[in-house]
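Text of run.cif (mmCIF, C-alpha atoms) as supplied:
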data_query
loop_
_atom_site.label_atom_id
_atom_site.label_comp_id
_atom_site.auth_asym_id
_atom_site.auth_seq_id
_atom_site.Cartn_x
_atom_site.Cartn_y
_atom_site.Cartn_z
CA MET Y 1 32.84 8.42 -0.48
CA THR Y 2 35.73 7.14 -2.56
CA LYS Y 3 35.96 4.56 -5.23
CA SER Y 4 36.82 1.02 -4.36
CA PRO Y 5 39.65 -0.66 -6.29
CA SER Y 6 37.73 -3.93 -6.15
CA LYS Y 7 35.01 -2.84 -8.59
CA PRO Y 8 35.14 -5.12 -11.66
CA THR Y 9 35.48 -3.57 -15.11
CA SER Y 10 34.47 -6.56 -17.25
CA PHE Y 11 31.61 -9.05 -17.21
CA GLU Y 12 31.97 -12.73 -16.46
CA ASP Y 13 31.22 -15.09 -19.30
CA GLU Y 14 27.79 -16.63 -18.74
CA SER Y 15 27.17 -17.98 -22.22
CA ASP Y 16 26.60 -21.48 -20.81
CA ASN Y 17 24.23 -20.29 -18.09
CA ARG Y 18 20.55 -21.03 -18.71
CA PHE Y 19 19.61 -17.99 -16.65
CA PRO Y 20 22.26 -15.29 -17.28
CA ARG Y 21 22.26 -12.29 -14.99
CA ALA Y 22 21.52 -8.77 -16.17
CA ARG Y 23 24.76 -7.11 -17.27
CA VAL Y 24 24.83 -3.66 -15.63
CA LEU Y 25 27.46 -1.09 -16.62
CA ILE Y 26 27.96 1.87 -14.25
CA VAL Y 27 29.28 5.11 -15.74
CA GLY Y 28 31.03 7.42 -13.26
CA GLU Y 29 33.47 5.20 -11.41
CA ASP Y 30 34.57 7.87 -8.90
CA THR Y 31 31.15 9.29 -8.05
CA SER Y 32 29.33 8.86 -4.76
CA LEU Y 33 26.27 7.67 -6.70
CA ALA Y 34 28.25 4.81 -8.22
CA ALA Y 35 29.68 3.90 -4.81
CA ALA Y 36 26.17 3.91 -3.30
CA PHE Y 37 24.86 1.69 -6.10
CA PHE Y 38 27.64 -0.85 -5.50
CA GLU Y 39 26.93 -0.78 -1.76
CA THR Y 40 23.28 -1.54 -2.41
CA ASP Y 41 22.57 -5.25 -2.09
CA ALA Y 42 22.29 -6.69 -5.57
CA SER Y 43 19.83 -9.40 -6.40
CA GLY Y 44 21.20 -12.64 -7.73
CA GLY Y 45 20.06 -11.50 -11.16
CA GLN Y 46 22.58 -8.68 -11.62
CA GLN Y 47 26.21 -8.58 -12.66
CA ARG Y 48 27.64 -5.09 -12.05
CA ILE Y 49 30.79 -3.50 -13.43
CA VAL Y 50 32.10 0.04 -13.81
CA LEU Y 51 33.29 1.83 -16.92
CA PRO Y 52 37.01 2.39 -16.22
CA SER Y 53 38.09 5.96 -15.58
CA SER Y 54 40.60 5.51 -18.41
CA VAL Y 55 37.72 5.89 -20.89
CA ASN Y 56 37.49 9.50 -22.03
CA LEU Y 57 33.86 10.46 -21.40
CA ALA Y 58 34.25 13.52 -23.62
CA ASP Y 59 35.02 11.31 -26.64
CA ASP Y 60 31.89 9.72 -28.11
CA ARG Y 61 33.99 7.24 -30.09
CA GLU Y 62 35.65 5.91 -26.93
CA ILE Y 63 32.26 5.60 -25.24
CA PHE Y 64 30.84 3.75 -28.24
CA GLU Y 65 33.79 1.36 -28.36
CA ALA Y 66 33.70 0.72 -24.58
CA ILE Y 67 30.03 -0.28 -24.72
CA ARG Y 68 30.56 -2.33 -27.88
CA MET Y 69 33.26 -4.36 -26.13
CA ARG Y 70 31.20 -4.99 -22.99
CA ARG Y 71 27.67 -5.35 -24.45
CA PRO Y 72 25.73 -4.49 -21.27
CA ASP Y 73 21.99 -4.98 -20.85
CA PHE Y 74 21.70 -1.82 -18.74
CA VAL Y 75 23.81 1.34 -18.57
CA VAL Y 76 23.43 3.47 -15.42
CA ASN Y 77 24.79 6.99 -15.85
CA CYS Y 78 25.98 8.28 -12.46
CA MET Y 79 27.86 11.24 -13.92
CA VAL Y 80 26.10 14.44 -12.90
CA GLU Y 81 27.36 18.03 -12.80
CA SER Y 82 25.61 18.97 -9.57
CA GLY Y 83 26.83 22.55 -9.11
CA VAL Y 84 24.05 24.82 -10.32
CA ASP Y 85 26.07 28.01 -9.81
CA ARG Y 86 29.27 26.40 -11.06
CA ALA Y 87 27.49 25.48 -14.29
CA GLU Y 88 27.11 29.16 -15.13
CA LEU Y 89 30.85 29.69 -14.63
CA ASP Y 90 31.87 26.74 -16.81
CA PRO Y 91 29.07 26.19 -19.35
CA THR Y 92 31.24 23.99 -21.58
CA GLU Y 93 31.85 21.38 -18.87
CA CYS Y 94 28.24 21.60 -17.73
CA ARG Y 95 26.96 20.84 -21.24
CA GLN Y 96 29.48 18.05 -21.75
CA ILE Y 97 28.52 16.18 -18.56
CA ASN Y 98 24.81 16.92 -18.41
CA HIS Y 99 23.94 16.69 -22.11
CA ASP Y 100 26.67 15.43 -24.44
CA LEU Y 101 27.63 12.39 -22.34
CA PRO Y 102 24.03 11.11 -21.89
CA VAL Y 103 23.39 11.56 -25.63
CA SER Y 104 26.55 9.60 -26.50
CA LEU Y 105 25.45 6.83 -24.12
CA ALA Y 106 21.96 6.79 -25.69
CA ILE Y 107 23.43 6.39 -29.19
CA ALA Y 108 25.63 3.51 -28.06
CA CYS Y 109 22.78 1.87 -26.13
CA ARG Y 110 20.57 2.06 -29.22
CA GLU Y 111 23.23 0.41 -31.33
CA PHE Y 112 23.85 -2.45 -28.89
CA ASP Y 113 20.32 -2.98 -27.57
CA ALA Y 114 20.89 -1.75 -24.00
CA THR Y 115 18.60 0.17 -21.65
CA LEU Y 116 19.90 3.53 -20.44
CA ILE Y 117 19.03 4.69 -16.90
CA GLN Y 118 19.59 8.43 -16.71
CA LEU Y 119 19.25 10.69 -13.67
CA SER Y 120 17.66 14.08 -14.23
CA THR Y 121 16.65 16.90 -11.91
CA ASP Y 122 13.84 19.05 -10.55
CA TYR Y 123 15.68 22.07 -11.96
CA ILE Y 124 13.96 21.48 -15.29
CA PHE Y 125 10.98 23.24 -13.62
CA ASP Y 126 10.73 26.89 -12.64
CA GLY Y 127 9.50 26.30 -9.07
CA GLN Y 128 6.31 28.34 -9.48
CA LYS Y 129 3.98 25.45 -8.71
CA ASP Y 130 2.56 25.35 -5.17
CA ILE Y 131 2.38 21.55 -4.99
CA ALA Y 132 4.64 18.70 -6.04
CA TYR Y 133 5.55 18.40 -9.71
CA PHE Y 134 4.43 15.44 -11.80
CA GLU Y 135 6.26 13.91 -14.72
CA ASP Y 136 3.84 15.36 -17.28
CA ASP Y 137 4.08 18.96 -15.98
CA ALA Y 138 5.47 21.44 -18.49
CA PRO Y 139 9.18 22.10 -17.85
CA ASN Y 140 10.59 25.63 -17.73
CA PRO Y 141 14.24 25.67 -16.61
CA LEU Y 142 15.60 28.98 -15.31
CA ASN Y 143 19.33 28.24 -15.58
CA LEU Y 144 21.89 26.48 -17.74
CA TYR Y 145 22.03 23.48 -15.40
CA GLY Y 146 18.31 22.77 -15.78
CA GLN Y 147 18.34 23.57 -19.49
CA THR Y 148 21.12 21.09 -20.31
CA ARG Y 149 19.45 18.35 -18.25
CA LEU Y 150 16.12 18.96 -20.01
CA GLU Y 151 17.79 18.87 -23.44
CA ALA Y 152 19.40 15.55 -22.47
CA GLU Y 153 15.98 14.14 -21.49
CA ARG Y 154 14.44 15.13 -24.81
CA ASP Y 155 17.34 13.86 -26.91
CA ILE Y 156 17.39 10.52 -25.07
CA GLU Y 157 13.64 10.13 -25.63
CA SER Y 158 14.05 10.81 -29.35
CA LEU Y 159 17.09 8.54 -29.78
CA LEU Y 160 16.33 5.54 -27.61
CA ASP Y 161 13.11 3.66 -26.87
CA ARG Y 162 14.60 1.65 -24.02
CA HIS Y 163 15.37 4.29 -21.44
CA ILE Y 164 14.47 5.23 -17.87
CA ILE Y 165 14.72 8.84 -16.69
CA LEU Y 166 14.58 9.44 -12.93
CA ARG Y 167 14.15 13.04 -11.80
CA VAL Y 168 15.74 13.43 -8.39
CA SER Y 169 16.47 16.40 -6.16
CA HIS Y 170 18.61 17.53 -3.23
CA LEU Y 171 20.85 14.48 -3.13
CA PHE Y 172 22.64 13.82 0.14
CA ALA Y 173 25.21 11.33 1.35
CA PRO Y 174 27.42 10.81 4.40
CA GLY Y 175 30.84 12.41 4.17
CA PRO Y 176 32.95 15.42 5.11
CA ASN Y 177 31.52 17.57 2.30
CA SER Y 178 27.82 16.86 2.86
CA PHE Y 179 25.36 19.71 3.38
CA VAL Y 180 24.55 18.70 6.95
CA THR Y 181 28.23 18.36 7.92
CA ASN Y 182 29.08 21.74 6.40
CA ILE Y 183 26.22 23.45 8.26
CA LEU Y 184 27.21 21.88 11.58
CA ASP Y 185 30.85 22.86 11.08
CA ARG Y 186 29.92 26.44 10.27
CA ALA Y 187 27.49 26.64 13.21
CA ARG Y 188 30.33 25.84 15.60
CA ILE Y 189 32.29 28.94 14.58
CA GLU Y 190 29.68 31.37 13.23
CA SER Y 191 26.91 33.06 15.20
CA LYS Y 192 24.78 33.69 12.09
CA LEU Y 193 24.32 31.50 9.03
CA PRO Y 194 22.76 32.99 5.89
CA MET Y 195 20.34 30.44 4.44
CA ILE Y 196 17.93 30.23 1.52
CA GLU Y 197 14.38 30.41 2.85
CA ASP Y 198 12.25 30.38 -0.30
CA GLU Y 199 13.30 27.00 -1.75
CA ARG Y 200 11.36 23.79 -1.33
CA GLY Y 201 12.47 20.34 -2.37
CA CYS Y 202 12.63 16.65 -1.58
CA PRO Y 203 15.97 15.56 -0.06
CA THR Y 204 16.94 12.21 -1.54
CA SER Y 205 19.49 9.74 -0.19
CA ILE Y 206 21.89 8.40 -2.78
CA PHE Y 207 21.41 4.98 -1.19
CA ASP Y 208 17.65 5.21 -1.84
CA ILE Y 209 18.46 6.00 -5.47
CA GLY Y 210 20.71 2.94 -5.60
CA ARG Y 211 17.92 0.72 -4.24
CA VAL Y 212 15.36 2.13 -6.68
CA VAL Y 213 17.65 1.70 -9.68
CA SER Y 214 18.43 -1.87 -8.62
CA ALA Y 215 14.69 -2.64 -8.29
CA VAL Y 216 13.96 -1.11 -11.70
CA ILE Y 217 16.66 -3.24 -13.31
CA ASP Y 218 15.30 -6.41 -11.67
CA GLN Y 219 11.75 -5.71 -12.84
CA LEU Y 220 12.70 -4.79 -16.39
CA ASN Y 221 15.06 -7.74 -16.67
CA ALA Y 222 12.21 -10.01 -15.55
CA GLY Y 223 10.14 -8.78 -18.48
CA ALA Y 224 8.00 -6.11 -16.85
CA GLY Y 225 6.80 -3.43 -19.23
CA ALA Y 226 6.58 -0.91 -16.39
CA TYR Y 227 8.06 -0.63 -12.94
CA GLY Y 228 7.21 0.41 -9.42
CA ALA Y 229 4.07 2.48 -9.77
CA SER Y 230 1.50 -0.29 -10.26
CA PHE Y 231 3.01 -2.41 -7.49
CA PHE Y 232 3.03 0.36 -4.89
CA MET Y 233 -0.46 1.54 -5.85
CA LEU Y 234 -1.95 -1.93 -5.55
CA THR Y 235 -0.21 -2.87 -2.33
CA GLY Y 236 -1.17 0.52 -0.89
CA PHE Y 237 -4.80 -0.26 -1.74
CA HIS Y 238 -4.52 -3.56 0.13
CA GLY Y 239 -2.75 -1.86 3.02
CA PHE Y 240 -5.67 0.54 3.41
CA HIS Y 241 -8.07 -2.38 3.77
CA VAL Y 242 -5.78 -4.07 6.30
CA MET Y 243 -5.69 -0.88 8.39
CA LEU Y 244 -9.48 -0.50 8.19
CA GLY Y 245 -9.97 -4.15 9.12
CA THR Y 246 -7.62 -3.79 12.09
CA LEU Y 247 -9.66 -0.85 13.40
CA MET Y 248 -12.80 -2.97 13.05
CA LEU Y 249 -11.22 -5.78 15.05
CA ILE Y 250 -10.28 -3.35 17.83
CA VAL Y 251 -13.87 -2.08 18.00
CA ILE Y 252 -15.24 -5.63 18.03
CA LEU Y 253 -12.79 -6.59 20.79
CA LEU Y 254 -13.91 -3.68 22.95
CA ARG Y 255 -17.58 -4.48 22.33
CA SER Y 256 -16.98 -8.15 23.16
CA MET Y 257 -15.34 -7.20 26.44
CA LYS Y 258 -18.47 -5.19 27.29
CA GLY Y 259 -20.74 -8.14 26.47
CA HIS Y 260 -22.45 -6.65 23.42
CA PHE Y 261 -22.63 -9.99 21.58
CA ASP Y 262 -24.48 -13.22 22.31
CA ALA Y 263 -25.73 -16.22 20.36
CA ASP Y 264 -28.62 -14.24 18.84
CA HIS Y 265 -27.07 -10.78 18.45
CA HIS Y 266 -23.67 -10.87 16.77
CA PHE Y 267 -24.15 -9.23 13.37
CA GLY Y 268 -21.21 -6.81 13.88
CA PHE Y 269 -18.87 -9.65 14.82
CA GLU Y 270 -19.97 -11.66 11.79
CA GLY Y 271 -19.64 -8.62 9.49
CA VAL Y 272 -16.03 -8.02 10.48
CA ALA Y 273 -15.23 -11.71 9.93
CA TRP Y 274 -16.66 -11.50 6.42
CA TYR Y 275 -14.72 -8.29 5.79
CA TRP Y 276 -11.46 -10.04 6.65
CA HIS Y 277 -12.35 -12.81 4.20
CA PHE Y 278 -12.67 -10.04 1.60
CA VAL Y 279 -9.20 -8.72 2.52
CA ASP Y 280 -7.74 -12.20 2.06
CA VAL Y 281 -9.33 -12.49 -1.38
CA VAL Y 282 -7.95 -9.06 -2.37
CA TRP Y 283 -4.47 -10.10 -1.29
CA LEU Y 284 -4.63 -13.32 -3.30
CA GLY Y 285 -5.83 -11.36 -6.32
CA LEU Y 286 -2.97 -8.86 -6.00
CA PHE Y 287 -0.44 -11.67 -5.65
CA VAL Y 288 -1.65 -13.31 -8.86
CA PHE Y 289 -1.90 -10.01 -10.74
CA VAL Y 290 1.48 -8.60 -9.70
CA TYR Y 291 3.68 -11.73 -9.61
CA TRP Y 292 2.07 -14.13 -12.08
CA LEU Y 293 0.40 -12.10 -14.82
#

Let me see whether you can do it: turn the structure in this file into structure tokens.
Amino acid sequence: MTKSPSKPTSFEDESDNRFPRARVLIVGEDTSLAAAFFETDASGGQQRIVLPSSVNLADDREIFEAIRMRRPDFVVNCMVESGVDRAELDPTECRQINHDLPVSLAIACREFDATLIQLSTDYIFDGQKDIAYFEDDAPNPLNLYGQTRLEAERDIESLLDRHIILRVSHLFAPGPNSFVTNILDRARIESKLPMIEDERGCPTSIFDIGRVVSAVIDQLNAGAGAYGASFFMLTGFHGFHVMLGTLMLIVILLRSMKGHFDADHHFGFEGVAWYWHFVDVVWLGLFVFVYWL
């Protein structure tokens, strides 16, 4: 994916607008993550721009000045040194991209009251756990890549209250250099392909990341103190009851076709009807709780 020359680099003036949009600054103009975020449909409540590539991301003073001039509400850092092995060969660049840049952004965001959205990695863990990792599991990075990302997490947390850290893994995107494309190309000319067989992970589309980040921005800009988790948990709870109620209706339909109910014996039919009234009440309660309160 390549950058688009049409990406704006400055915000529109909305000082006269009663409902100004969230001002979102994307760092990493040439990255596939930034391109995916711009391709993600934006809500009407976002105004997105990129930090020009002319800004030296290794100079904290230039970063500070660039954010001071633009005054964003949200800064999304799409700059990631993704080569785990390459990090060991060039530790200076690895530390600059994975640690120093996020810290410089956090300092500037703190000064100008912006929220920083930072991507982290599953490499902060050692991989010894047999099940999925949770955000409160103890980290134990085994390489420089994971160590620098973990240090960035901790420094951001200590410097800036308004931050979001998303730990993602095994990013993939369409393109000539994607993992799938490379494997298919090699399979056409090689009879044997050496592969890692002891690694487990969760492949993540960069477009899914773009949609999640956009949703997080919308929710935080609307005044939510948290994002995502409560909504999906509650709607999942309602979805379970809908599924259960649907199974009940199927059973009742089959029993009705066999003549199991009449004017005096219809308790099962009546029970399912009352259950669906309960489902309706739950849905109304969730709607009020999630969207109004």

For this session: For each of Y:Gln96, Y:Asn17, Y:Thr9, Y:Ser120, take the minimum atom-to-atom distance to Ser53 (chain Y), counting all atoms listed in the file, then give the residue where this is smallest.
Result: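 Looking at the shortest contact to Ser53 (chain Y), the residue is Y:Thr9.
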
For this session: Do a neighbour search on region 28-39 of chain Y at 9 Å with all atoms listed in the file, toss out local chain neighbours closer than 5 positions, and write the hits as a list of chain:residue names.
Result: Y:Met1, Y:Thr2, Y:Lys3, Y:Ser4, Y:Lys7, Y:Arg48, Y:Ile49, Y:Val50, Y:Leu51, Y:Pro52, Y:Ser53, Y:Val76, Y:Asn77, Y:Cys78, Y:Met79, Y:Val80, Y:Ala173, Y:Ile206, Y:Phe207, Y:Asp208, Y:Ile209, Y:Gly210, Y:Arg211, Y:Val213, Y:Ser214

For this session: Output the residue selection produced by the PyMOL selection byres ((chain Y and resi 47) around 12) on the file above, formatted as an MDAnalysis selection string.
Result: chainID Y and resid 7:14 20:26 38 41:46 48:50 72:75 214 217:218 221

For this session: For CA of Asp100 (chain Y) and CA of Tyr133 (chain Y), determine how far apart the two atoms are, in Å to one decimal place.
Result: 25.9 Å

Problem set entry | Contacts of Thr148 (chain Y) within 12 Å, only C-alpha atoms, excl. fewer than 5 positions in-chain, as a PyMOL selection string | chain Y and resi 80-82+84+87-88+91-103+120-121+123-124+140-143+153-155

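Distance annotation: of Y:Gly83, Y:Val279, Y:Arg110, Y:Phe269, the residue with the minimal separation from Glu157 (chain Y) is Y:Arg110; atom set is all atoms listed in the file.
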
Expected axis-aligned box over every listed atom of region 61-68 of chain Y, 6 Å added per side, centre plus edges in Å to one decimal, as AutoDock Vina command-line options:
--center_x 32.8 --center_y 2.5 --center_z -27.3 --size_x 17.6 --size_y 21.6 --size_z 17.5

Problem set entry | Residue nearest Cys202 (chain Y) - candidates Y:Phe172, Y:Phe64, Y:Phe267, Y:Phe179, atoms counted: all atoms listed in the file |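 The answer is Y:Phe172, which sits nearest to Cys202 (chain Y).
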
For this session: Select, from Y:Asp136, Y:Asn177, Y:Arg200, Y:Phe112, the residue with the minimum atom-to-atom distance to Arg162 (chain Y), counting only C-alpha atoms.
Result: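 Closest residue, counting only C-alpha atoms: Y:Phe112.
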
Exercise. Which residue gives the smallest distance to Leu116 (chain Y) among Y:Arg70, Y:Arg149, Y:His163, Y:His277, with only C-alpha atoms counted?
Worked result: Y:His163
